[in-house]
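The file data.txt contains compact mmCIF, N, CA and C atoms and all ligand atoms:
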```txt
# COMPACT_ATOMS: atom_id res chain seq x y z
N MET A 7 -48.33 -15.95 -18.60
CA MET A 7 -48.73 -14.69 -18.03
C MET A 7 -49.34 -14.92 -16.65
N TYR A 8 -49.09 -14.00 -15.77
CA TYR A 8 -49.62 -14.10 -14.42
C TYR A 8 -50.33 -12.80 -14.08
N THR A 9 -51.51 -12.92 -13.59
CA THR A 9 -52.26 -11.74 -13.17
C THR A 9 -52.61 -11.89 -11.71
N GLU A 10 -52.36 -10.85 -10.97
CA GLU A 10 -52.73 -10.87 -9.57
C GLU A 10 -54.08 -10.19 -9.42
N TYR A 11 -55.02 -10.90 -8.83
CA TYR A 11 -56.35 -10.34 -8.62
C TYR A 11 -56.48 -9.94 -7.16
N THR A 12 -57.00 -8.77 -6.96
CA THR A 12 -57.18 -8.26 -5.61
C THR A 12 -58.66 -8.23 -5.27
N PRO A 13 -59.07 -8.98 -4.22
CA PRO A 13 -60.48 -8.96 -3.84
C PRO A 13 -60.96 -7.54 -3.55
N GLY A 14 -62.12 -7.21 -4.07
CA GLY A 14 -62.70 -5.89 -3.85
C GLY A 14 -62.26 -4.85 -4.87
N LYS A 15 -61.27 -5.17 -5.68
CA LYS A 15 -60.80 -4.23 -6.69
C LYS A 15 -61.35 -4.67 -8.04
N LEU A 16 -61.94 -3.74 -8.75
CA LEU A 16 -62.56 -4.04 -10.04
C LEU A 16 -61.50 -4.40 -11.07
N HIS A 17 -61.71 -5.51 -11.75
CA HIS A 17 -60.79 -5.95 -12.80
C HIS A 17 -60.73 -4.87 -13.88
N LEU A 18 -59.54 -4.67 -14.45
CA LEU A 18 -59.33 -3.62 -15.44
C LEU A 18 -60.29 -3.75 -16.63
N VAL A 19 -60.52 -4.98 -17.06
CA VAL A 19 -61.42 -5.22 -18.20
C VAL A 19 -62.85 -4.76 -17.87
N LEU A 20 -63.22 -4.90 -16.61
CA LEU A 20 -64.59 -4.54 -16.20
C LEU A 20 -64.75 -3.05 -15.95
N GLN A 21 -63.65 -2.31 -15.93
CA GLN A 21 -63.75 -0.87 -15.72
C GLN A 21 -64.20 -0.13 -16.98
N VAL A 22 -64.23 -0.84 -18.08
CA VAL A 22 -64.71 -0.26 -19.33
C VAL A 22 -66.22 -0.47 -19.40
N GLY A 23 -66.95 0.61 -19.44
CA GLY A 23 -68.40 0.53 -19.41
C GLY A 23 -69.01 0.18 -20.74
N CYS A 24 -70.33 0.15 -20.77
CA CYS A 24 -71.08 -0.15 -22.00
C CYS A 24 -71.83 1.10 -22.42
N LEU A 25 -71.80 1.38 -23.71
CA LEU A 25 -72.45 2.57 -24.23
C LEU A 25 -73.74 2.27 -24.97
N SER A 26 -74.02 0.99 -25.21
CA SER A 26 -75.24 0.66 -25.95
C SER A 26 -75.80 -0.69 -25.49
N ALA A 27 -77.03 -0.96 -25.89
CA ALA A 27 -77.65 -2.23 -25.54
C ALA A 27 -76.89 -3.41 -26.17
N LEU A 28 -76.35 -3.20 -27.36
CA LEU A 28 -75.58 -4.26 -28.02
C LEU A 28 -74.33 -4.61 -27.20
N GLU A 29 -73.69 -3.58 -26.65
CA GLU A 29 -72.50 -3.84 -25.83
C GLU A 29 -72.86 -4.60 -24.56
N VAL A 30 -74.00 -4.33 -23.99
CA VAL A 30 -74.44 -5.06 -22.80
C VAL A 30 -74.62 -6.54 -23.15
N THR A 31 -75.20 -6.79 -24.33
CA THR A 31 -75.38 -8.16 -24.79
C THR A 31 -74.02 -8.83 -24.99
N ARG A 32 -73.10 -8.10 -25.59
CA ARG A 32 -71.75 -8.65 -25.82
C ARG A 32 -71.03 -8.94 -24.51
N LEU A 33 -71.34 -8.16 -23.49
CA LEU A 33 -70.66 -8.27 -22.22
C LEU A 33 -70.87 -9.64 -21.55
N SER A 34 -72.05 -10.22 -21.70
CA SER A 34 -72.29 -11.52 -21.04
C SER A 34 -71.39 -12.60 -21.64
N VAL A 35 -71.21 -12.57 -22.95
CA VAL A 35 -70.31 -13.53 -23.60
C VAL A 35 -68.88 -13.24 -23.16
N ARG A 36 -68.56 -11.96 -23.10
CA ARG A 36 -67.21 -11.54 -22.67
C ARG A 36 -66.89 -12.06 -21.27
N PHE A 37 -67.84 -11.91 -20.33
CA PHE A 37 -67.61 -12.36 -18.96
C PHE A 37 -67.43 -13.87 -18.89
N ARG A 38 -68.25 -14.58 -19.66
CA ARG A 38 -68.14 -16.05 -19.62
C ARG A 38 -66.79 -16.51 -20.15
N LEU A 39 -66.28 -15.84 -21.17
CA LEU A 39 -64.96 -16.20 -21.69
C LEU A 39 -63.87 -15.82 -20.68
N LEU A 40 -64.01 -14.67 -20.08
CA LEU A 40 -63.03 -14.20 -19.09
C LEU A 40 -62.98 -15.13 -17.87
N THR A 41 -64.12 -15.64 -17.48
CA THR A 41 -64.18 -16.49 -16.29
C THR A 41 -64.04 -17.97 -16.61
N GLY A 42 -63.90 -18.30 -17.88
CA GLY A 42 -63.72 -19.70 -18.27
C GLY A 42 -65.00 -20.50 -18.23
N THR A 43 -66.14 -19.83 -18.29
CA THR A 43 -67.42 -20.54 -18.25
C THR A 43 -68.16 -20.51 -19.58
N TYR A 44 -67.50 -20.06 -20.62
CA TYR A 44 -68.12 -20.05 -21.95
C TYR A 44 -68.03 -21.47 -22.51
N ILE A 45 -69.16 -22.04 -22.87
CA ILE A 45 -69.22 -23.43 -23.28
C ILE A 45 -69.04 -23.56 -24.79
N LEU A 46 -67.99 -24.28 -25.17
CA LEU A 46 -67.72 -24.56 -26.58
C LEU A 46 -68.00 -26.04 -26.84
N GLN A 47 -68.01 -26.41 -28.10
CA GLN A 47 -68.30 -27.80 -28.46
C GLN A 47 -67.33 -28.77 -27.78
N VAL A 48 -66.07 -28.39 -27.65
CA VAL A 48 -65.08 -29.26 -27.01
C VAL A 48 -65.48 -29.55 -25.57
N ASN A 49 -65.98 -28.54 -24.85
CA ASN A 49 -66.43 -28.73 -23.47
C ASN A 49 -67.67 -29.61 -23.42
N ARG A 50 -68.59 -29.35 -24.33
CA ARG A 50 -69.83 -30.14 -24.37
C ARG A 50 -69.52 -31.61 -24.58
N SER A 51 -68.65 -31.90 -25.52
CA SER A 51 -68.34 -33.29 -25.84
C SER A 51 -67.60 -33.97 -24.70
N ARG A 52 -66.78 -33.22 -23.98
CA ARG A 52 -65.99 -33.78 -22.89
C ARG A 52 -66.84 -34.12 -21.67
N PHE A 53 -67.85 -33.30 -21.41
CA PHE A 53 -68.61 -33.47 -20.18
C PHE A 53 -70.04 -33.96 -20.40
N ASN A 54 -70.30 -34.55 -21.55
CA ASN A 54 -71.65 -35.03 -21.83
C ASN A 54 -71.60 -36.53 -22.07
N GLN A 55 -72.55 -37.22 -21.50
CA GLN A 55 -72.57 -38.67 -21.66
C GLN A 55 -73.02 -39.10 -23.05
N TYR A 56 -73.63 -38.21 -23.77
CA TYR A 56 -74.07 -38.54 -25.12
C TYR A 56 -73.00 -38.14 -26.12
N ALA A 57 -73.05 -38.72 -27.28
CA ALA A 57 -72.03 -38.42 -28.29
C ALA A 57 -72.26 -37.03 -28.87
N ILE A 58 -71.41 -36.12 -28.49
CA ILE A 58 -71.48 -34.76 -29.00
C ILE A 58 -70.18 -34.48 -29.74
N ASP A 59 -70.32 -33.97 -30.93
CA ASP A 59 -69.18 -33.71 -31.79
C ASP A 59 -68.44 -32.45 -31.32
N PRO A 60 -67.13 -32.54 -31.03
CA PRO A 60 -66.38 -31.37 -30.59
C PRO A 60 -66.03 -30.40 -31.72
N VAL A 61 -66.39 -30.78 -32.94
CA VAL A 61 -66.00 -29.99 -34.11
C VAL A 61 -66.78 -28.68 -34.17
N CYS A 62 -66.10 -27.64 -34.61
CA CYS A 62 -66.68 -26.30 -34.75
C CYS A 62 -67.90 -26.37 -35.67
N PRO A 63 -69.06 -25.90 -35.19
CA PRO A 63 -70.25 -25.94 -36.04
C PRO A 63 -70.20 -24.92 -37.19
N ASN A 64 -69.33 -23.93 -37.09
CA ASN A 64 -69.24 -22.91 -38.15
C ASN A 64 -68.49 -23.40 -39.38
N CYS A 65 -67.36 -24.08 -39.18
CA CYS A 65 -66.54 -24.48 -40.32
C CYS A 65 -66.45 -25.98 -40.49
N LYS A 66 -66.70 -26.73 -39.42
CA LYS A 66 -66.60 -28.19 -39.43
C LYS A 66 -65.21 -28.67 -39.85
N ASP A 67 -64.19 -27.84 -39.58
CA ASP A 67 -62.80 -28.14 -39.95
C ASP A 67 -61.97 -28.65 -38.79
N ALA A 68 -62.26 -28.15 -37.57
CA ALA A 68 -61.42 -28.46 -36.41
C ALA A 68 -62.27 -28.40 -35.15
N ASP A 69 -61.69 -28.90 -34.04
CA ASP A 69 -62.40 -28.82 -32.78
C ASP A 69 -62.64 -27.36 -32.41
N GLU A 70 -63.80 -27.11 -31.85
CA GLU A 70 -64.14 -25.74 -31.46
C GLU A 70 -63.53 -25.43 -30.09
N THR A 71 -62.38 -24.80 -30.09
CA THR A 71 -61.71 -24.35 -28.88
C THR A 71 -61.71 -22.82 -28.89
N VAL A 72 -61.28 -22.23 -27.79
CA VAL A 72 -61.22 -20.77 -27.72
C VAL A 72 -60.25 -20.24 -28.78
N GLY A 73 -59.09 -20.88 -28.88
CA GLY A 73 -58.10 -20.46 -29.88
C GLY A 73 -58.63 -20.58 -31.29
N HIS A 74 -59.40 -21.63 -31.53
CA HIS A 74 -59.96 -21.82 -32.87
C HIS A 74 -60.93 -20.71 -33.22
N PHE A 75 -61.87 -20.44 -32.33
CA PHE A 75 -62.87 -19.44 -32.72
C PHE A 75 -62.33 -18.02 -32.69
N LEU A 76 -61.33 -17.75 -31.84
CA LEU A 76 -60.78 -16.39 -31.80
C LEU A 76 -59.81 -16.12 -32.94
N LEU A 77 -59.02 -17.12 -33.33
CA LEU A 77 -57.94 -16.85 -34.29
C LEU A 77 -57.98 -17.66 -35.58
N GLN A 78 -58.57 -18.85 -35.56
CA GLN A 78 -58.35 -19.75 -36.67
C GLN A 78 -59.56 -20.11 -37.52
N CYS A 79 -60.75 -20.01 -37.00
CA CYS A 79 -61.92 -20.51 -37.73
C CYS A 79 -62.02 -19.83 -39.11
N PRO A 80 -61.92 -20.62 -40.18
CA PRO A 80 -61.98 -20.03 -41.51
C PRO A 80 -63.35 -19.43 -41.84
N ALA A 81 -64.39 -19.90 -41.17
CA ALA A 81 -65.73 -19.37 -41.42
C ALA A 81 -65.88 -17.93 -40.89
N LEU A 82 -65.01 -17.56 -39.93
CA LEU A 82 -65.09 -16.23 -39.33
C LEU A 82 -63.99 -15.30 -39.83
N LYS A 83 -63.14 -15.82 -40.71
CA LYS A 83 -61.95 -15.09 -41.15
C LYS A 83 -62.28 -13.70 -41.71
N HIS A 84 -63.30 -13.62 -42.56
CA HIS A 84 -63.62 -12.35 -43.21
C HIS A 84 -64.12 -11.29 -42.23
N VAL A 85 -64.76 -11.69 -41.15
CA VAL A 85 -65.23 -10.71 -40.16
C VAL A 85 -64.19 -10.48 -39.06
N ARG A 86 -63.36 -11.49 -38.81
CA ARG A 86 -62.36 -11.38 -37.75
C ARG A 86 -61.18 -10.50 -38.19
N GLY A 87 -60.78 -10.57 -39.44
CA GLY A 87 -59.60 -9.87 -39.95
C GLY A 87 -59.56 -8.38 -39.63
N PRO A 88 -60.57 -7.63 -40.01
CA PRO A 88 -60.54 -6.18 -39.72
C PRO A 88 -60.50 -5.86 -38.23
N VAL A 89 -61.22 -6.64 -37.42
CA VAL A 89 -61.23 -6.40 -35.97
C VAL A 89 -59.86 -6.70 -35.38
N MET A 90 -59.25 -7.83 -35.80
CA MET A 90 -57.92 -8.19 -35.31
C MET A 90 -56.89 -7.15 -35.71
N CYS A 91 -57.05 -6.59 -36.89
CA CYS A 91 -56.12 -5.56 -37.36
C CYS A 91 -56.19 -4.33 -36.43
N GLU A 92 -57.39 -3.92 -36.08
CA GLU A 92 -57.54 -2.77 -35.17
C GLU A 92 -56.99 -3.09 -33.78
N ILE A 93 -57.26 -4.31 -33.30
CA ILE A 93 -56.75 -4.72 -31.99
C ILE A 93 -55.22 -4.68 -31.99
N TRP A 94 -54.64 -5.26 -33.04
CA TRP A 94 -53.17 -5.31 -33.12
C TRP A 94 -52.58 -3.91 -33.20
N ASN A 95 -53.23 -3.00 -33.92
CA ASN A 95 -52.75 -1.61 -34.01
C ASN A 95 -52.74 -0.93 -32.65
N ILE A 96 -53.77 -1.16 -31.86
CA ILE A 96 -53.82 -0.56 -30.52
C ILE A 96 -52.72 -1.14 -29.64
N LEU A 97 -52.62 -2.49 -29.64
CA LEU A 97 -51.59 -3.13 -28.81
C LEU A 97 -50.20 -2.66 -29.23
N ASN A 98 -50.00 -2.53 -30.53
CA ASN A 98 -48.71 -2.10 -31.05
C ASN A 98 -48.41 -0.65 -30.65
N SER A 99 -49.43 0.19 -30.65
CA SER A 99 -49.22 1.61 -30.34
C SER A 99 -48.82 1.84 -28.89
N ILE A 100 -49.12 0.88 -28.02
CA ILE A 100 -48.72 1.02 -26.62
C ILE A 100 -47.59 0.06 -26.26
N GLY A 101 -47.01 -0.55 -27.28
CA GLY A 101 -45.85 -1.42 -27.07
C GLY A 101 -46.18 -2.75 -26.41
N ALA A 102 -47.44 -3.18 -26.49
CA ALA A 102 -47.83 -4.42 -25.81
C ALA A 102 -47.66 -5.67 -26.67
N THR A 103 -47.27 -5.50 -27.92
CA THR A 103 -47.15 -6.70 -28.79
C THR A 103 -45.83 -7.44 -28.57
N THR A 104 -44.87 -6.81 -27.89
CA THR A 104 -43.58 -7.48 -27.70
C THR A 104 -43.70 -8.72 -26.83
N ASN A 105 -44.72 -8.77 -25.98
CA ASN A 105 -44.90 -9.93 -25.10
C ASN A 105 -45.74 -11.03 -25.75
N ILE A 106 -46.20 -10.78 -26.97
CA ILE A 106 -47.04 -11.77 -27.64
C ILE A 106 -46.21 -12.44 -28.72
N TYR A 107 -45.67 -13.60 -28.42
CA TYR A 107 -44.81 -14.28 -29.38
C TYR A 107 -45.32 -15.67 -29.74
N SER A 108 -46.56 -15.96 -29.39
CA SER A 108 -47.16 -17.23 -29.80
C SER A 108 -48.67 -17.05 -29.88
N PRO A 109 -49.34 -17.90 -30.67
CA PRO A 109 -50.81 -17.82 -30.74
C PRO A 109 -51.47 -18.01 -29.38
N THR A 110 -50.89 -18.86 -28.54
CA THR A 110 -51.46 -19.09 -27.21
C THR A 110 -51.44 -17.80 -26.38
N LEU A 111 -50.32 -17.07 -26.45
CA LEU A 111 -50.24 -15.81 -25.71
C LEU A 111 -51.19 -14.76 -26.28
N LEU A 112 -51.41 -14.82 -27.59
CA LEU A 112 -52.36 -13.89 -28.20
C LEU A 112 -53.78 -14.20 -27.72
N VAL A 113 -54.12 -15.46 -27.65
CA VAL A 113 -55.45 -15.84 -27.15
C VAL A 113 -55.60 -15.38 -25.70
N GLN A 114 -54.56 -15.61 -24.88
CA GLN A 114 -54.63 -15.17 -23.49
C GLN A 114 -54.76 -13.65 -23.40
N ALA A 115 -54.05 -12.95 -24.27
CA ALA A 115 -54.11 -11.49 -24.27
C ALA A 115 -55.49 -11.00 -24.70
N LEU A 116 -56.12 -11.70 -25.64
CA LEU A 116 -57.45 -11.30 -26.08
C LEU A 116 -58.48 -11.54 -24.97
N ILE A 117 -58.33 -12.65 -24.27
CA ILE A 117 -59.27 -12.96 -23.19
C ILE A 117 -59.10 -11.97 -22.03
N ASP A 118 -57.85 -11.65 -21.70
CA ASP A 118 -57.58 -10.74 -20.59
C ASP A 118 -56.40 -9.85 -20.94
N TRP A 119 -56.67 -8.77 -21.64
CA TRP A 119 -55.60 -7.87 -22.08
C TRP A 119 -54.93 -7.15 -20.92
N SER A 120 -55.54 -7.18 -19.75
CA SER A 120 -54.93 -6.48 -18.60
C SER A 120 -53.61 -7.15 -18.19
N THR A 121 -53.36 -8.36 -18.69
CA THR A 121 -52.11 -9.04 -18.37
C THR A 121 -50.93 -8.43 -19.14
N ILE A 122 -51.22 -7.73 -20.23
CA ILE A 122 -50.12 -7.15 -21.03
C ILE A 122 -50.22 -5.63 -21.16
N VAL A 123 -51.37 -5.07 -20.83
CA VAL A 123 -51.53 -3.62 -20.89
C VAL A 123 -51.51 -3.08 -19.46
N PRO A 124 -50.50 -2.28 -19.13
CA PRO A 124 -50.39 -1.79 -17.75
C PRO A 124 -51.49 -0.80 -17.40
N TYR A 125 -51.82 -0.74 -16.12
CA TYR A 125 -52.81 0.24 -15.68
C TYR A 125 -52.12 1.60 -15.60
N GLN A 126 -52.46 2.44 -16.54
CA GLN A 126 -51.94 3.80 -16.56
C GLN A 126 -53.06 4.71 -17.06
N PRO A 127 -53.36 5.77 -16.32
CA PRO A 127 -54.44 6.67 -16.74
C PRO A 127 -54.29 7.18 -18.17
N ARG A 128 -53.07 7.38 -18.63
CA ARG A 128 -52.87 7.89 -20.00
C ARG A 128 -53.31 6.88 -21.06
N LEU A 129 -53.45 5.60 -20.69
CA LEU A 129 -53.85 4.56 -21.64
C LEU A 129 -55.35 4.27 -21.58
N ARG A 130 -56.08 4.99 -20.77
CA ARG A 130 -57.49 4.70 -20.53
C ARG A 130 -58.32 4.71 -21.83
N GLU A 131 -58.07 5.66 -22.68
CA GLU A 131 -58.84 5.73 -23.93
C GLU A 131 -58.53 4.52 -24.82
N LYS A 132 -57.27 4.15 -24.90
CA LYS A 132 -56.89 2.98 -25.72
C LYS A 132 -57.41 1.69 -25.09
N GLN A 133 -57.43 1.62 -23.78
CA GLN A 133 -57.98 0.44 -23.10
C GLN A 133 -59.46 0.30 -23.42
N GLY A 134 -60.17 1.42 -23.43
CA GLY A 134 -61.59 1.40 -23.77
C GLY A 134 -61.82 0.92 -25.19
N ALA A 135 -61.02 1.44 -26.12
CA ALA A 135 -61.15 1.02 -27.53
C ALA A 135 -60.78 -0.45 -27.68
N LEU A 136 -59.75 -0.88 -26.97
CA LEU A 136 -59.32 -2.28 -27.03
C LEU A 136 -60.41 -3.21 -26.50
N GLU A 137 -60.99 -2.86 -25.37
CA GLU A 137 -62.04 -3.69 -24.79
C GLU A 137 -63.26 -3.75 -25.71
N PHE A 138 -63.62 -2.64 -26.29
CA PHE A 138 -64.75 -2.63 -27.24
C PHE A 138 -64.48 -3.61 -28.38
N LEU A 139 -63.27 -3.57 -28.93
CA LEU A 139 -62.93 -4.45 -30.06
C LEU A 139 -62.88 -5.92 -29.63
N VAL A 140 -62.35 -6.18 -28.46
CA VAL A 140 -62.30 -7.57 -27.98
C VAL A 140 -63.72 -8.11 -27.78
N ARG A 141 -64.58 -7.30 -27.21
CA ARG A 141 -65.98 -7.74 -27.03
C ARG A 141 -66.62 -8.02 -28.39
N ARG A 142 -66.32 -7.17 -29.34
CA ARG A 142 -66.86 -7.35 -30.71
C ARG A 142 -66.31 -8.64 -31.33
N LEU A 143 -65.01 -8.87 -31.16
CA LEU A 143 -64.38 -10.08 -31.70
C LEU A 143 -65.00 -11.34 -31.09
N ILE A 144 -65.15 -11.34 -29.79
CA ILE A 144 -65.72 -12.50 -29.12
C ILE A 144 -67.15 -12.72 -29.55
N PHE A 145 -67.88 -11.65 -29.71
CA PHE A 145 -69.30 -11.77 -30.06
C PHE A 145 -69.50 -12.23 -31.50
N LEU A 146 -68.50 -12.03 -32.35
CA LEU A 146 -68.61 -12.51 -33.73
C LEU A 146 -68.93 -13.99 -33.76
N HIS A 147 -68.38 -14.69 -32.79
CA HIS A 147 -68.58 -16.13 -32.70
C HIS A 147 -70.05 -16.49 -32.52
N THR A 148 -70.75 -15.69 -31.73
CA THR A 148 -72.15 -16.00 -31.47
C THR A 148 -73.08 -15.47 -32.56
N GLU A 149 -72.59 -14.51 -33.36
CA GLU A 149 -73.42 -13.93 -34.41
C GLU A 149 -73.50 -14.82 -35.64
N LYS A 150 -72.51 -15.68 -35.78
CA LYS A 150 -72.42 -16.51 -36.99
C LYS A 150 -73.61 -17.42 -37.09
ZN ZN B 201 -64.46 -23.13 -37.12
```
Just give me the structure of the file as structure tokens.
Ligand SMILES: [Zn+2]
Amino acid sequence: MYTEYTPGKLHLVLQVGCLSALEVTRLSVRFRLLTGTYILQVNRSRFNQYAIDPVCPNCKDADETVGHFLLQCPALKHVRGPVMCEIWNILNSIGATTNIYSPTLLVQALIDWSTIVPYQPRLREKQGALEFLVRRLIFLHTEK
């Protein structure tokens, strides 16, 4: 996926506002993931001189990567399932699931859905619902 960013133009994901204090809290995690500055165990272990285990602290089954915590962590499965179902329903309702044919593309779409959801005023309500759910999904990781 390729996204063209225009200086001075607000990113589509950021055009969705926050309606509560909880959403503001979720937003900081959301921004760090969007900008690639969210620190996971894999990053800690790679850039630390001390022995740090890259394994997911939630399940201790696999390395903690973005793909793992968004889609695969078994410790988050019960809370992730309903949110992913709602996300998929929204993407499907606007025909955006046809471009998602691998887990990697799904992770990219979750991090930045603007790459697969076109900017159209008629989709604004669905974009807002989608962004709310993505923020919730990402924040599940920190709530555990
Ligand atoms: Zn895990």
Shell of 12 Å around His74 of chain A, only C-alpha atoms, local chain residues under 2 positions omitted, as a PyMOL selection string: chain A and resi 46-48+60-72+76-83+86+109-110+112-113+144+147
Shell of 9 Å around Ser120 of chain A, only C-alpha atoms, local chain residues under 3 positions omitted, as a list of chain:residue names: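 Near neighbours after the sequence-gap exclusion: A:Thr9, A:His17, A:Leu18, A:Val19, A:Ala115, A:Val123, A:Pro124, A:Tyr125, A:Gln133.
Note that atom CA of Thr43 of chain A and atom C of Thr148 of chain A are 16.2 Å apart.
Comparing the minimum interatomic distances between ligand ZN 201 (chain B) and each of A:Phe75, A:Tyr107, A:Glu29, A:Tyr56, counting all atoms listed in the file, we find that A:Phe75 sits nearest.
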Coordinates-based distance that separates atom C of Leu28 of chain A from atom CA of Asn95 of chain A (Å, one decimal):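 Distance between the two atoms: 22.8 Å.
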d(atom CA of Gly42 of chain A, atom CA of Gly23 of chain A) in Å: 20.8 Å
Given all atoms listed in the file as the counted atoms, nearest of A:Val89, A:Ile96, A:Ala135, A:Leu39 to Val22 of chain A: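 That would be A:Ala135, the residue with the smallest distance to Val22 of chain A.
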Which of A:Arg128, A:Pro13, A:Leu146, A:Ile93 sits closest to ligand ZN 201 (chain B) [using only C-alpha atoms and all ligand atoms]: A:Leu146
